[in-house]
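Have a look at run-v6.cif; it's mmCIF, C-alpha atoms:
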data_start
#
loop_
_atom_site.label_atom_id
_atom_site.label_comp_id
_atom_site.auth_asym_id
_atom_site.auth_seq_id
_atom_site.Cartn_x
_atom_site.Cartn_y
_atom_site.Cartn_z
CA LEU A 526 86.39 97.38 77.14
CA PRO A 527 87.81 100.21 79.29
CA LEU A 528 86.15 103.61 78.82
CA SER A 529 89.21 105.13 77.14
CA HIS A 530 89.22 102.36 74.52
CA ALA A 531 85.46 102.48 73.98
CA PHE A 532 85.60 106.20 73.40
CA ILE A 533 88.44 105.91 70.89
CA LYS A 534 86.82 102.97 69.11
CA HIS A 535 83.31 104.37 68.79
CA PHE A 536 84.01 108.07 68.16
CA ALA A 537 86.02 108.37 64.95
CA ASN A 538 86.31 112.15 65.11
CA ILE A 539 89.75 113.43 66.19
CA THR A 540 88.06 116.44 67.82
CA CYS A 541 86.05 114.12 70.08
CA PHE A 542 89.24 112.26 70.98
CA THR A 543 90.92 115.57 71.81
CA MET A 544 88.07 116.61 74.13
CA TYR A 545 88.04 113.18 75.76
CA PHE A 546 91.80 113.21 76.31
CA GLN A 547 91.77 116.74 77.77
CA THR A 548 89.07 115.70 80.25
CA ALA A 549 90.75 112.41 81.11
CA LEU A 550 94.05 114.20 81.67
CA LYS A 551 92.35 116.69 83.97
CA HIS A 552 90.87 113.89 86.10
CA HIS A 553 93.76 111.39 85.85
CA PRO A 554 97.02 113.39 85.54
CA ARG A 555 99.10 110.76 87.37
CA HIS A 556 98.00 108.20 84.78
CA LEU A 557 98.39 110.61 81.85
CA GLY A 558 94.67 110.57 81.11
CA MET A 559 94.66 106.77 80.88
CA LEU A 560 96.65 107.07 77.65
CA PHE A 561 98.47 103.80 78.31
CA GLN A 562 95.59 101.88 79.88
CA ARG A 563 95.37 98.42 78.34
CA ASP A 564 92.29 96.57 77.21
CA GLY A 565 91.61 92.83 77.52
CA ASP A 566 93.78 92.14 74.46
CA GLY A 567 96.75 94.02 75.91
CA GLN A 568 96.41 96.98 73.54
CA ALA A 569 97.11 100.45 75.01
CA ALA A 570 94.64 103.29 74.44
CA TYR A 571 97.43 105.18 72.66
CA GLU A 572 97.89 102.29 70.22
CA ARG A 573 94.16 102.17 69.57
CA ALA A 574 94.18 105.92 68.85
CA ILE A 575 97.00 105.46 66.32
CA GLU A 576 95.10 102.60 64.70
CA LYS A 577 91.88 104.60 64.50
CA HIS A 578 92.96 107.91 63.01
CA GLY A 579 93.91 107.23 59.41
CA ASN A 580 97.08 106.93 57.35
CA ASP A 581 99.00 109.64 59.18
CA LYS A 582 97.65 108.18 62.41
CA LYS A 583 100.77 108.58 64.51
CA ASP A 584 101.09 112.28 63.68
CA LYS A 585 97.40 112.93 64.39
CA ALA A 586 97.58 111.09 67.72
CA PHE A 587 100.76 112.95 68.68
CA ASN A 588 99.23 116.29 67.73
CA VAL A 589 96.40 115.60 70.17
CA ILE A 590 98.82 114.49 72.88
CA LYS A 591 101.05 117.56 72.35
CA GLN A 592 98.00 119.81 72.39
CA CYS A 593 97.00 118.39 75.78
CA ILE A 594 100.48 117.79 77.23
CA PRO A 595 102.88 120.57 76.22
CA THR A 596 106.46 119.64 75.38
CA ASP A 597 107.78 121.49 78.44
CA THR A 598 105.59 119.46 80.79
CA PHE A 599 106.69 118.37 84.23
CA LEU A 600 104.64 115.18 83.95
CA PRO A 601 106.90 112.11 83.79
CA ILE A 602 105.54 111.08 80.40
CA LEU A 603 108.63 109.09 79.39
CA HIS A 604 108.46 107.06 82.61
CA HIS A 605 104.98 105.93 81.57
CA VAL A 606 106.10 105.20 78.02
CA ILE A 607 109.11 103.09 79.09
CA LYS A 608 106.89 101.06 81.41
CA GLU A 609 103.74 100.73 79.31
CA ALA A 610 104.73 101.16 75.66
CA PRO A 611 108.53 100.92 75.26
CA LYS A 612 108.34 100.42 71.50
CA TYR A 613 107.15 104.05 71.23
CA MET A 614 109.99 105.43 73.36
CA ASN A 615 111.79 107.11 70.45
CA ASP A 616 108.57 108.71 69.20
CA PHE A 617 107.82 110.23 72.59
CA THR A 618 111.43 111.16 73.40
CA SER A 619 111.78 113.16 70.20
CA ARG A 620 108.66 115.14 71.15
CA TYR A 621 109.39 115.44 74.89
CA PRO A 622 113.20 115.74 75.18
CA SER A 623 113.10 117.68 78.46
CA ALA A 624 111.27 114.77 80.10
CA LEU A 625 114.47 112.70 79.86
CA TYR A 626 115.70 114.47 83.00
CA HIS A 627 112.54 114.36 85.10
CA ARG A 628 111.94 112.15 88.09
CA ASP A 629 108.57 110.50 88.53
CA GLU A 630 106.26 110.91 91.54
CA ASP A 631 108.25 108.21 93.38
CA GLY A 632 111.57 110.01 92.77
CA ARG A 633 112.82 107.58 90.12
CA THR A 634 114.98 108.68 87.23
CA LEU A 635 114.10 107.45 83.77
CA THR A 636 116.98 104.96 83.97
CA GLN A 637 115.64 103.54 87.24
CA ALA A 638 112.13 103.31 85.80
CA ALA A 639 113.44 101.50 82.71
CA ILE A 640 115.34 98.97 84.81
CA ALA A 641 112.47 98.41 87.25
CA SER A 642 109.99 97.84 84.41
CA GLY A 643 112.26 95.24 82.83
CA ALA A 644 112.11 97.14 79.53
CA LYS A 645 115.89 97.48 79.32
CA THR A 646 118.14 94.44 79.67
CA PHE A 647 121.61 93.67 78.39
CA GLN A 648 120.18 91.29 75.80
CA ASN A 649 117.62 93.71 74.35
CA ASP A 650 119.57 96.97 74.75
CA SER A 651 123.21 96.44 75.69
CA VAL A 652 124.07 100.05 74.77
CA PHE A 653 121.59 101.39 77.35
CA ILE A 654 123.07 99.21 80.09
CA GLY A 655 126.63 99.95 78.94
CA LYS A 656 126.06 103.72 78.94
CA MET A 657 124.85 103.85 82.53
CA THR A 658 127.12 106.10 84.55
CA ASP A 659 128.90 104.98 87.69
CA ASP A 660 126.59 107.27 89.68
CA GLU A 661 123.50 105.62 88.16
CA ILE A 662 124.86 102.17 88.97
CA ALA A 663 125.58 103.19 92.58
CA GLU A 664 122.27 105.05 93.18
CA LEU A 665 119.62 103.26 95.22
CA ASP A 666 116.20 103.04 93.61
CA PRO A 667 113.88 105.20 95.78
CA VAL A 668 111.08 102.63 95.53
CA THR A 669 112.88 99.30 95.94
CA LYS A 670 115.75 100.75 98.04
CA GLN A 671 118.08 98.54 95.99
CA TYR A 672 120.96 99.02 93.58
CA PRO A 673 120.16 98.50 89.89
CA PHE A 674 121.69 95.01 89.79
CA LEU A 675 119.36 93.93 92.61
CA THR A 676 116.35 95.59 90.99
CA CYS A 677 117.15 93.59 87.84
CA ALA A 678 117.55 90.40 89.86
CA ALA A 679 114.03 90.86 91.25
CA CYS A 680 112.53 91.57 87.80
CA ASP A 681 110.89 88.66 85.98
CA SER A 682 111.95 89.80 82.51
CA CYS A 683 115.60 90.48 83.33
CA ASP A 684 118.48 88.31 82.17
CA LEU A 685 121.52 87.18 84.12
CA SER A 686 123.89 89.05 81.81
CA THR A 687 122.34 92.39 82.88
CA ILE A 688 122.94 91.62 86.54
CA TYR A 689 126.49 90.49 85.78
CA VAL A 690 127.36 93.61 83.74
CA LEU A 691 125.94 95.99 86.34
CA LEU A 692 127.60 94.22 89.25
CA SER A 693 130.94 93.87 87.47
CA ARG A 694 131.04 97.64 86.94
CA ASN A 695 131.03 98.16 90.72
CA PRO A 696 131.49 94.91 92.70
CA SER A 697 131.78 96.81 95.99
CA LEU A 698 128.00 97.42 95.85
CA LEU A 699 127.39 93.80 96.82
CA GLU A 700 129.47 94.26 99.95
CA LYS A 701 127.74 97.58 100.72
CA TYR A 702 124.34 95.95 100.29
CA THR A 703 125.31 93.04 102.54
CA GLU A 704 126.51 95.44 105.28
CA GLN A 705 123.41 97.59 104.92
CA THR A 706 121.09 94.57 105.08
CA THR A 707 122.94 93.14 108.09
CA ASP A 708 122.69 96.51 109.89
CA ASP A 709 118.97 96.77 109.06
CA PHE A 710 118.30 93.27 110.40
CA ALA A 711 120.30 94.00 113.56
CA GLU A 712 118.36 97.23 114.15
CA GLU A 713 115.07 95.41 113.59
CA ALA A 714 116.08 92.70 116.09
CA ARG A 715 117.04 95.34 118.68
CA SER A 716 113.72 97.14 118.27
CA ARG A 717 111.82 93.85 118.71
CA LYS A 718 113.74 93.12 121.94
CA ARG A 719 112.77 96.56 123.32
CA LYS A 720 109.09 95.82 122.84
#
Reformat the file's structure so that it appears as structure tokens.
Amino acid sequence: LPLSHAFIKHFANITCFTMYFQTALKHHPRHLGMLFQRDGDGQAAYERAIEKHGNDKKDKAFNVIKQCIPTDTFLPILHHVIKEAPKYMNDFTSRYPSALYHRDEDGRTLTQAAIASGAKTFQNDSVFIGKMTDDEIAELDPVTKQYPFLTCAACDSCDLSTIYVLLSRNPSLLEKYTEQTTDDFAEEARSRKRK
């Protein structure tokens, strides 16, 4: 059992959880204090905290989180939620609305993080995919260096309809990608010849 889970499980007091979370956040800010760390059963520490703290468990857990992570934070909290606990996205978004516009430490927008995590597909959230702007569809992911339709194609949990919808919105991206890839391979071949 990871330390975050053991602490939540064995110390029922919300004050102890608050102190633990403040300390964990101080030492692990990039991982949001291990809030979304999963145990062997696949349960996130956040979910365990909700389970542990009574009937109004979600409000108590959120009060602790808001006490430790202010609503005007620059931490990419929603990026973590969309990747690790997408079913809680609405709960966190309503409490951290300014985080909708943040980029994570890799430079990804929330839309790019959602697509890369496989949390948003045409089958499970057609409105999300349909509401993507032309700029979002044409922006390269700073991590994968690919357009969203290619990021989806490389994702295990993505469906073909997502790739089709994204590509049909801007078919010229396929040609751009082909040219870019051809140029990159040509440059790589030239640099190998020089060596």
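For the choices A:Ser651, A:Ser697, A:Ser619, A:Thr646, the atom-to-atom distance to Ala678 (chain A) is smallest for A:Thr646 when using all atoms listed in the file.
Nearest-residue note for Ala638 (chain A): choosing from A:Thr596, A:Ser716, A:Gln568, A:Thr669, the minimum distance belongs to A:Thr669, counting only C-alpha atoms.
Residue selection for this entry, given the PyMOL selection byres ((chain A and resi 614) around 12), comprises Ile602, Leu603, His604, His605, Val606, Ile607, Lys608, Glu609, Ala610, Pro611, Lys612, Tyr613, Asn615, Asp616, Phe617, Thr618, Ser619, Arg620, Tyr621, Pro622, Ala624, Leu625, Leu635, Ala639, Ala644 and Lys645 of chain A.
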Please produce a file of those selected residues containing C-alpha atoms, as a PDB file, keeping the file's coordinate frame.
ATOM      1  CA  ILE A 602     105.540 111.080  80.400  1.00  0.00           C
ATOM      2  CA  LEU A 603     108.630 109.090  79.390  1.00  0.00           C
ATOM      3  CA  HIS A 604     108.460 107.060  82.610  1.00  0.00           C
ATOM      4  CA  HIS A 605     104.980 105.930  81.570  1.00  0.00           C
ATOM      5  CA  VAL A 606     106.100 105.200  78.020  1.00  0.00           C
ATOM      6  CA  ILE A 607     109.110 103.090  79.090  1.00  0.00           C
ATOM      7  CA  LYS A 608     106.890 101.060  81.410  1.00  0.00           C
ATOM      8  CA  GLU A 609     103.740 100.730  79.310  1.00  0.00           C
ATOM      9  CA  ALA A 610     104.730 101.160  75.660  1.00  0.00           C
ATOM     10  CA  PRO A 611     108.530 100.920  75.260  1.00  0.00           C
ATOM     11  CA  LYS A 612     108.340 100.420  71.500  1.00  0.00           C
ATOM     12  CA  TYR A 613     107.150 104.050  71.230  1.00  0.00           C
ATOM     13  CA  ASN A 615     111.790 107.110  70.450  1.00  0.00           C
ATOM     14  CA  ASP A 616     108.570 108.710  69.200  1.00  0.00           C
ATOM     15  CA  PHE A 617     107.820 110.230  72.590  1.00  0.00           C
ATOM     16  CA  THR A 618     111.430 111.160  73.400  1.00  0.00           C
ATOM     17  CA  SER A 619     111.780 113.160  70.200  1.00  0.00           C
ATOM     18  CA  ARG A 620     108.660 115.140  71.150  1.00  0.00           C
ATOM     19  CA  TYR A 621     109.390 115.440  74.890  1.00  0.00           C
ATOM     20  CA  PRO A 622     113.200 115.740  75.180  1.00  0.00           C
ATOM     21  CA  ALA A 624     111.270 114.770  80.100  1.00  0.00           C
ATOM     22  CA  LEU A 625     114.470 112.700  79.860  1.00  0.00           C
ATOM     23  CA  LEU A 635     114.100 107.450  83.770  1.00  0.00           C
ATOM     24  CA  ALA A 639     113.440 101.500  82.710  1.00  0.00           C
ATOM     25  CA  ALA A 644     112.110  97.140  79.530  1.00  0.00           C
ATOM     26  CA  LYS A 645     115.890  97.480  79.320  1.00  0.00           C
TER      27      LYS A 645
END
To verify the selection step, state as an MDAnalysis selection string which residues the PyMOL selection byres ((chain A and resi 680-690) around 10) yields on this input.
chainID A and resid 640:651 654:655 673:679 691:696
Store the residues of this selection in a file with C-alpha atoms, as a compact mmCIF listing (two decimals), keeping the file's coordinate frame.
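Result file follows (again.txt):
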# COMPACT_ATOMS: atom_id res chain seq x y z
CA ILE A 640 115.34 98.97 84.81
CA ALA A 641 112.47 98.41 87.25
CA SER A 642 109.99 97.84 84.41
CA GLY A 643 112.26 95.24 82.83
CA ALA A 644 112.11 97.14 79.53
CA LYS A 645 115.89 97.48 79.32
CA THR A 646 118.14 94.44 79.67
CA PHE A 647 121.61 93.67 78.39
CA GLN A 648 120.18 91.29 75.80
CA ASN A 649 117.62 93.71 74.35
CA ASP A 650 119.57 96.97 74.75
CA SER A 651 123.21 96.44 75.69
CA ILE A 654 123.07 99.21 80.09
CA GLY A 655 126.63 99.95 78.94
CA PRO A 673 120.16 98.50 89.89
CA PHE A 674 121.69 95.01 89.79
CA LEU A 675 119.36 93.93 92.61
CA THR A 676 116.35 95.59 90.99
CA CYS A 677 117.15 93.59 87.84
CA ALA A 678 117.55 90.40 89.86
CA ALA A 679 114.03 90.86 91.25
CA LEU A 691 125.94 95.99 86.34
CA LEU A 692 127.60 94.22 89.25
CA SER A 693 130.94 93.87 87.47
CA ARG A 694 131.04 97.64 86.94
CA ASN A 695 131.03 98.16 90.72
CA PRO A 696 131.49 94.91 92.70
Taking 4 positions as the minimum chain separation for residues in the same chain, which residues sit within 12 Å of Gly567 (chain A) when counting all atoms listed in the file? Answer as a PyMOL selection string.
chain A and resi 526-527+530+561-563+571-573+609-610
What is the distance, in Å and to one decimal place, between CA of Thr543 (chain A) and CA of Gln592 (chain A)?
8.3 Å
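Reported to one decimal place, the separation of CA of Ala714 (chain A) from CA of Tyr672 (chain A) is 23.9 Å.
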Quick one: which residues end up in the PyMOL selection byres ((chain A and resi 665) around 12) for this structure, as a PyMOL selection string?
chain A and resi 632-634+636-637+641+660-664+666-676+698+701-702+705
